[in-house]
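Visitor: Just dropping this structure here.
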Amino acid sequence: PPIMATGLVDIFAFIGSSKAADALIKNCPNPHKVRFCLALDAKNLAVVMPDADLDVAVNECVLGALSYNGQRCTALKLILCHNDILMDFTKRFIAKVEGLKAGLPWVKGTDITPLPEPGKPGYLEELRRDAREKGATVVSPKGNSETGWGHTVVFPSVVYPVTSDMKVWNEEQFGPLVPIGGFNDVKEVVDYVTSSPFGQQASIFTKGDIQKLGPLIDVMANCVARININSQCQRSPDTFPFTGRKSSASGTLSVKDALRVMSVRSMVATKLGNNPLLQSVIENKTSEFLSMEYLF
């Protein structure tokens with residue numbers, strides 16, 4: 001905040017929560033002159049269609065939801081699976097989670113590590129409790145401790161089936177808790193993505209029902225900034241634009257877009273009769289800006 005309060009900041013690039021971004025921006029005395037590039041909150045959705053390859057879907061969803069303890073904006077934070085395969089998917093998903101190893105980050109083979117926030121285990125338990133009270137089943141394959149293991153080491157919990165009245169359906173959990181819900185009609189998925197305040201990414205898992213996939217891609221393209229087919233949500237490579245819709249981003253991060261965000265394009269304009277004048281400036285190299293010598 002003290003740096004922002006100086007009024008000397010021209011460009012503000014930030015990856016984090018909207019709450020933190022707002023707290024910093026409000027200290028800026030002249031926000032109209034600051035160029036913002038913000039990657040903010042996300043509730044990335046995975047949609048598992050009835051014809052999906054479950055081996056692929058389970059592997060990608062476990063990786064997408066729980067790598068880095070699920071503490072990345074690009075993590076999968078809600079899985080909606082067609083009811084025809086919901087129980088089979090959930091059973092396989094829990095079995096895969098059970099095989100994860102908790103430990104310290106420098107120990108080879110560790111999948112789940114301590115959380116950086118002392119209050120996070122309590123918040124995750126609040127989400128678990130709310131879902132359980134509203135009818136969901138909560139499974140933590142290696143323990144259901146309400147305070148975590150050793151203060152901040154929390155083994156992942158799988159919550160299913162989640163519904164729209166549960167906190168974990170609407171809030172970004174940002175931690176090792178995976179909500180799984182069901183749907184009968186793709187319209188239910190469409191209703192979710194169009195009404196959600198978040199709009200970073202989504203994943204769709206299907207073998208090839210293009211009659212459903214095509215229209216779903218069209219809807220997603222107007223609700224999120226990246227649609228991943230048969231793969232987890234992620235950020236890579238940096239040549240790809242990294243952005244979001246709705247409350248998930250402002251501006252775009254990538255190599256090319258970063259250069260554009262951090263620069264202002266200027267020009268020199270004149271009428272046709274002044275061409276000899278400008279040609280003389282160029283030929284005599286009296287201006288560094290007005291030049292025909294480019295680096296490619």
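Every chain in the structure tokens has a letter given in the order shown (A, B, ...), and although residue numbers restart at 1 in each chain, ligands are simply numbered from 1 in the order shown.
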Find the residues near region 103-115 of chain A: any atom within 12 Å, counting only C-alpha atoms, skip ones fewer than 6 places away on the same chain, and give them as a ChimeraX atom specification.
Guide: /A:62-63,65-71,96-97,121-122,124,142,148-157,174-177
Visitor: For those residues, write N, CA and C atoms to a file as a PDB file, in the first residue's frame.
Guide:
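What ended up in part38.pdb:
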ATOM      1  N   VAL A  62      -7.778 -35.307 -10.901  1.00  0.00           N
ATOM      2  CA  VAL A  62      -7.004 -35.393  -9.652  1.00  0.00           C
ATOM      3  C   VAL A  62      -5.801 -34.461  -9.734  1.00  0.00           C
ATOM      4  N   LEU A  63      -5.100 -34.499 -10.865  1.00  0.00           N
ATOM      5  CA  LEU A  63      -3.952 -33.623 -11.049  1.00  0.00           C
ATOM      6  C   LEU A  63      -4.384 -32.159 -11.057  1.00  0.00           C
ATOM      7  N   ALA A  65      -7.065 -30.784  -9.760  1.00  0.00           N
ATOM      8  CA  ALA A  65      -7.663 -30.300  -8.519  1.00  0.00           C
ATOM      9  C   ALA A  65      -6.691 -30.257  -7.357  1.00  0.00           C
ATOM     10  N   LEU A  66      -5.661 -31.118  -7.377  1.00  0.00           N
ATOM     11  CA  LEU A  66      -4.855 -31.283  -6.162  1.00  0.00           C
ATOM     12  C   LEU A  66      -3.357 -31.030  -6.314  1.00  0.00           C
ATOM     13  N   SER A  67      -2.847 -30.795  -7.521  1.00  0.00           N
ATOM     14  CA  SER A  67      -1.438 -30.415  -7.599  1.00  0.00           C
ATOM     15  C   SER A  67      -1.263 -29.073  -6.901  1.00  0.00           C
ATOM     16  N   TYR A  68      -0.139 -28.923  -6.216  1.00  0.00           N
ATOM     17  CA  TYR A  68       0.109 -27.747  -5.371  1.00  0.00           C
ATOM     18  C   TYR A  68      -1.006 -27.578  -4.329  1.00  0.00           C
ATOM     19  N   ASN A  69      -1.523 -28.711  -3.844  1.00  0.00           N
ATOM     20  CA  ASN A  69      -2.596 -28.715  -2.830  1.00  0.00           C
ATOM     21  C   ASN A  69      -3.876 -28.031  -3.318  1.00  0.00           C
ATOM     22  N   GLY A  70      -4.011 -27.863  -4.626  1.00  0.00           N
ATOM     23  CA  GLY A  70      -5.177 -27.143  -5.137  1.00  0.00           C
ATOM     24  C   GLY A  70      -5.064 -25.648  -4.934  1.00  0.00           C
ATOM     25  N   GLN A  71      -3.874 -25.170  -4.536  1.00  0.00           N
ATOM     26  CA  GLN A  71      -3.700 -23.748  -4.250  1.00  0.00           C
ATOM     27  C   GLN A  71      -3.043 -23.034  -5.424  1.00  0.00           C
ATOM     28  N   LYS A  96      -8.021 -42.871  -6.501  1.00  0.00           N
ATOM     29  CA  LYS A  96      -6.809 -42.192  -6.973  1.00  0.00           C
ATOM     30  C   LYS A  96      -6.266 -41.246  -5.904  1.00  0.00           C
ATOM     31  N   VAL A  97      -7.173 -40.540  -5.241  1.00  0.00           N
ATOM     32  CA  VAL A  97      -6.764 -39.619  -4.172  1.00  0.00           C
ATOM     33  C   VAL A  97      -6.118 -40.388  -3.027  1.00  0.00           C
ATOM     34  N   PRO A 121      -7.049 -24.822   7.254  1.00  0.00           N
ATOM     35  CA  PRO A 121      -7.741 -26.059   7.662  1.00  0.00           C
ATOM     36  C   PRO A 121      -9.109 -25.797   8.271  1.00  0.00           C
ATOM     37  N   GLY A 122      -9.217 -24.744   9.077  1.00  0.00           N
ATOM     38  CA  GLY A 122     -10.510 -24.419   9.688  1.00  0.00           C
ATOM     39  C   GLY A 122     -11.540 -24.019   8.651  1.00  0.00           C
ATOM     40  N   LEU A 124     -11.561 -24.958   5.445  1.00  0.00           N
ATOM     41  CA  LEU A 124     -11.934 -26.152   4.688  1.00  0.00           C
ATOM     42  C   LEU A 124     -12.911 -27.010   5.480  1.00  0.00           C
ATOM     43  N   LYS A 142      -7.602 -40.735   3.866  1.00  0.00           N
ATOM     44  CA  LYS A 142      -6.586 -41.015   4.885  1.00  0.00           C
ATOM     45  C   LYS A 142      -6.822 -40.235   6.174  1.00  0.00           C
ATOM     46  N   GLY A 148      -6.885 -30.872  10.636  1.00  0.00           N
ATOM     47  CA  GLY A 148      -5.757 -31.178   9.771  1.00  0.00           C
ATOM     48  C   GLY A 148      -4.731 -32.026  10.499  1.00  0.00           C
ATOM     49  N   TRP A 149      -3.702 -32.402   9.786  1.00  0.00           N
ATOM     50  CA  TRP A 149      -2.623 -33.194  10.378  1.00  0.00           C
ATOM     51  C   TRP A 149      -1.483 -32.251  10.728  1.00  0.00           C
ATOM     52  N   GLY A 150      -1.080 -32.252  11.972  1.00  0.00           N
ATOM     53  CA  GLY A 150       0.067 -31.429  12.334  1.00  0.00           C
ATOM     54  C   GLY A 150      -0.125 -29.968  11.979  1.00  0.00           C
ATOM     55  N   HIS A 151      -1.253 -29.414  12.327  1.00  0.00           N
ATOM     56  CA  HIS A 151      -1.575 -28.002  12.172  1.00  0.00           C
ATOM     57  C   HIS A 151      -2.027 -27.635  10.759  1.00  0.00           C
ATOM     58  N   THR A 152      -1.136 -27.717   9.769  1.00  0.00           N
ATOM     59  CA  THR A 152      -1.539 -27.274   8.429  1.00  0.00           C
ATOM     60  C   THR A 152      -1.404 -28.346   7.352  1.00  0.00           C
ATOM     61  N   VAL A 153      -1.057 -29.566   7.715  1.00  0.00           N
ATOM     62  CA  VAL A 153      -1.024 -30.646   6.723  1.00  0.00           C
ATOM     63  C   VAL A 153      -2.416 -31.277   6.688  1.00  0.00           C
ATOM     64  N   VAL A 154      -3.118 -31.075   5.589  1.00  0.00           N
ATOM     65  CA  VAL A 154      -4.493 -31.551   5.464  1.00  0.00           C
ATOM     66  C   VAL A 154      -4.590 -32.488   4.273  1.00  0.00           C
ATOM     67  N   PHE A 155      -4.979 -33.733   4.491  1.00  0.00           N
ATOM     68  CA  PHE A 155      -5.143 -34.642   3.373  1.00  0.00           C
ATOM     69  C   PHE A 155      -6.436 -34.290   2.640  1.00  0.00           C
ATOM     70  N   PRO A 156      -6.466 -34.437   1.312  1.00  0.00           N
ATOM     71  CA  PRO A 156      -7.631 -34.018   0.531  1.00  0.00           C
ATOM     72  C   PRO A 156      -8.931 -34.698   0.956  1.00  0.00           C
ATOM     73  N   SER A 157     -10.008 -33.921   0.856  1.00  0.00           N
ATOM     74  CA  SER A 157     -11.358 -34.433   1.061  1.00  0.00           C
ATOM     75  C   SER A 157     -12.112 -34.372  -0.261  1.00  0.00           C
ATOM     76  N   PHE A 174      -9.736 -22.955  -2.685  1.00  0.00           N
ATOM     77  CA  PHE A 174      -8.289 -22.743  -2.758  1.00  0.00           C
ATOM     78  C   PHE A 174      -7.547 -23.639  -1.768  1.00  0.00           C
ATOM     79  N   GLY A 175      -7.780 -24.924  -1.902  1.00  0.00           N
ATOM     80  CA  GLY A 175      -7.137 -25.881  -1.012  1.00  0.00           C
ATOM     81  C   GLY A 175      -7.538 -27.298  -1.377  1.00  0.00           C
ATOM     82  N   PRO A 176      -7.034 -28.282  -0.629  1.00  0.00           N
ATOM     83  CA  PRO A 176      -7.261 -29.696  -0.966  1.00  0.00           C
ATOM     84  C   PRO A 176      -8.641 -30.217  -0.572  1.00  0.00           C
ATOM     85  N   LEU A 177      -9.652 -29.677  -1.213  1.00  0.00           N
ATOM     86  CA  LEU A 177     -11.029 -30.128  -1.031  1.00  0.00           C
ATOM     87  C   LEU A 177     -11.679 -30.129  -2.409  1.00  0.00           C
TER      88      LEU A 177
END
Visitor: Please identify all polymer residues within 10 Å of region 283-293 of chain A, counting only C-alpha atoms, omitting same-chain residues fewer than 4 positions from it, and present them as a list in words.
Guide: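 My list of contacting residues is Ser266, Met267, Val268, Leu278 and Gln279 of chain A.
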Visitor: Which polymer residues have any atom within 7 Å of an atom of Asn184 (chain A), counting only C-alpha atoms, with same-chain residues fewer than 2 positions away left out, as a PyMOL selection string?
Guide: chain A and resi 82-83+186
Visitor: Determine the nearest neighbour of Ser203 (chain A) from the options A:Ile79, A:Ile229, A:Val219, A:Leu38, counting only C-alpha atoms.
Guide: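 The closest residue to Ser203 (chain A) is A:Ile229.
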Visitor: Region 45-161 of chain A near region 188-191 of chain A within 12 Å: what's each residue's closest atom pair and its distance in Å to one decimal, counting only C-alpha atoms, ordered by chain then ascending residue number, as CSV?
Guide:
residue,atom,partner,partner_atom,distance
A:Leu45,CA,A:Val189,CA,9.3
A:Ala46,CA,A:Val189,CA,9.9
A:Val47,CA,A:Val189,CA,7.7
A:Val48,CA,A:Val189,CA,10.3
A:Met49,CA,A:Val189,CA,10.5
A:Leu78,CA,A:Val189,CA,11.3
A:Ile79,CA,A:Val189,CA,10.4
A:Leu80,CA,A:Val189,CA,7.6
A:Cys81,CA,A:Val189,CA,9.6
A:His82,CA,A:Val189,CA,9.9
A:Asn83,CA,A:Glu188,CA,11.8
Visitor: Filtering to N, CA, C and O atoms, could you give me those residues as a JSON list (two decimals), in the first residue's frame?
Guide:
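New file result24.json:
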[["chain", "number", "residue", "atom", "x", "y", "z"],
["A", 45, "LEU", "N", -14.14, -25.04, -13.69],
["A", 45, "LEU", "CA", -15.07, -26.16, -13.75],
["A", 45, "LEU", "C", -14.57, -27.26, -14.66],
["A", 45, "LEU", "O", -14.03, -27.00, -15.74],
["A", 46, "ALA", "N", -14.74, -28.51, -14.23],
["A", 46, "ALA", "CA", -14.52, -29.67, -15.09],
["A", 46, "ALA", "C", -15.87, -30.30, -15.38],
["A", 46, "ALA", "O", -16.65, -30.56, -14.46],
["A", 47, "VAL", "N", -16.15, -30.53, -16.65],
["A", 47, "VAL", "CA", -17.40, -31.15, -17.07],
["A", 47, "VAL", "C", -17.07, -32.53, -17.64],
["A", 47, "VAL", "O", -16.34, -32.64, -18.62],
["A", 48, "VAL", "N", -17.59, -33.56, -17.00],
["A", 48, "VAL", "CA", -17.34, -34.93, -17.45],
["A", 48, "VAL", "C", -18.60, -35.44, -18.14],
["A", 48, "VAL", "O", -19.61, -35.71, -17.49],
["A", 49, "MET", "N", -18.54, -35.54, -19.46],
["A", 49, "MET", "CA", -19.68, -35.96, -20.25],
["A", 49, "MET", "C", -19.88, -37.47, -20.14],
["A", 49, "MET", "O", -18.94, -38.21, -19.77],
["A", 78, "LEU", "N", -14.34, -27.30, -9.12],
["A", 78, "LEU", "CA", -15.67, -27.93, -9.12],
["A", 78, "LEU", "C", -15.72, -28.90, -10.29],
["A", 78, "LEU", "O", -15.34, -28.55, -11.40],
["A", 79, "ILE", "N", -16.19, -30.11, -10.01],
["A", 79, "ILE", "CA", -16.34, -31.12, -11.06],
["A", 79, "ILE", "C", -17.82, -31.45, -11.19],
["A", 79, "ILE", "O", -18.47, -31.81, -10.20],
["A", 80, "LEU", "N", -18.36, -31.30, -12.39],
["A", 80, "LEU", "CA", -19.74, -31.70, -12.67],
["A", 80, "LEU", "C", -19.69, -32.89, -13.62],
["A", 80, "LEU", "O", -19.17, -32.79, -14.73],
["A", 81, "CYS", "N", -20.23, -34.00, -13.16],
["A", 81, "CYS", "CA", -20.16, -35.26, -13.89],
["A", 81, "CYS", "C", -21.57, -35.73, -14.23],
["A", 81, "CYS", "O", -22.48, -35.63, -13.39],
["A", 82, "HIS", "N", -21.77, -36.23, -15.44],
["A", 82, "HIS", "CA", -23.10, -36.71, -15.82],
["A", 82, "HIS", "C", -23.54, -37.82, -14.88],
["A", 82, "HIS", "O", -22.75, -38.69, -14.49],
["A", 83, "ASN", "N", -24.79, -37.77, -14.47],
["A", 83, "ASN", "CA", -25.30, -38.71, -13.47],
["A", 83, "ASN", "C", -25.19, -40.17, -13.88],
["A", 83, "ASN", "O", -25.11, -41.06, -13.03]]
Visitor: Any idea what's packed within 10 Å of region 163-166 of chain A, counting only C-alpha atoms, ignoring anything in its chain fewer than 4 positions away? Could you give it as an MDAnalysis selection string?
Guide: chainID A and resid 127:136 170:171 179:182 192
Visitor: Suppose you want the space between CA of Ser263 (chain A) and CA of Asp238 (chain A); what is it in Å?
Guide: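 Interatomic distance here is 18.6 Å.
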Visitor: What's the separation between CA of Phe12 (chain A) and CA of Lys26 (chain A), in Å to one decimal place?
Guide: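 That distance, rounded to one decimal, is 12.4 Å.
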Visitor: To test your reading of the structure, identify every residue in region 8-215 of chain A that backbone DSSP assigns to strand (DSSP E), and report it as a PyMOL selection string.
Guide: chain A and resi 11-15+35-39+44-48+76-82+137-139+157-160+177-183+201-205
Visitor: Go through A:Asn27, A:Tyr294, A:Pro237, A:Asn274 and flag the residue nearest Ile3 (chain A), using only C-alpha atoms for the distances.
Guide: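 Checking each of A:Asn27, A:Tyr294, A:Pro237, A:Asn274 against Ile3 (chain A), counting only C-alpha atoms, the winner is A:Asn27.
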Visitor: Excluding Thr6 (chain A) and any residue of its chain fewer than 6 positions from it, enumerate the residues within 10 Å of it, using only C-alpha atoms, and give them as JSON, numbers by chain.
Guide: {"A": [27, 28, 29, 30]}
Visitor: Can you measure CA of Leu213 (chain A) to CA of Phe183 (chain A) for me? One decimal in Å is fine.
Guide: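 Answer for the CA of Leu213 (chain A) to CA of Phe183 (chain A) separation: 15.3 Å.
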Visitor: Might you pull out every residue within 10 Å of Gln234 (chain A), with only C-alpha atoms counted and same-chain residues fewer than 4 positions away left off, and present them as a list of chain:residue names?
Guide: A:Asn44, A:Gly64, A:Arg72, A:Cys73, A:Thr74, A:Ala75, A:Leu76, A:Gln201, A:Ala202, A:Ser203, A:Arg226, A:Asn228, A:Phe242
Visitor: Smallest atom-to-atom distance to Cys233 (chain A): which of A:Val139, A:Ile94, A:Ile204, A:Ala5, using only C-alpha atoms?
Guide: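 Once distances to Cys233 (chain A) are computed over only C-alpha atoms, the minimum belongs to A:Ile204.
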Visitor: Nearest to Gly7 (chain A): which of A:Ala23, A:Lys212, A:Lys33, A:Ser140 is it, counting only C-alpha atoms?
Guide: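 Of the candidates, the smallest distance to Gly7 (chain A) is held by A:Lys33.
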Visitor: Could you find all residues in region 12-121 of chain A that DSSP calls alpha helix (DSSP H) from the backbone, and write them as a PyMOL selection string?
Guide: chain A and resi 18-25+54-66+86-98+120-121
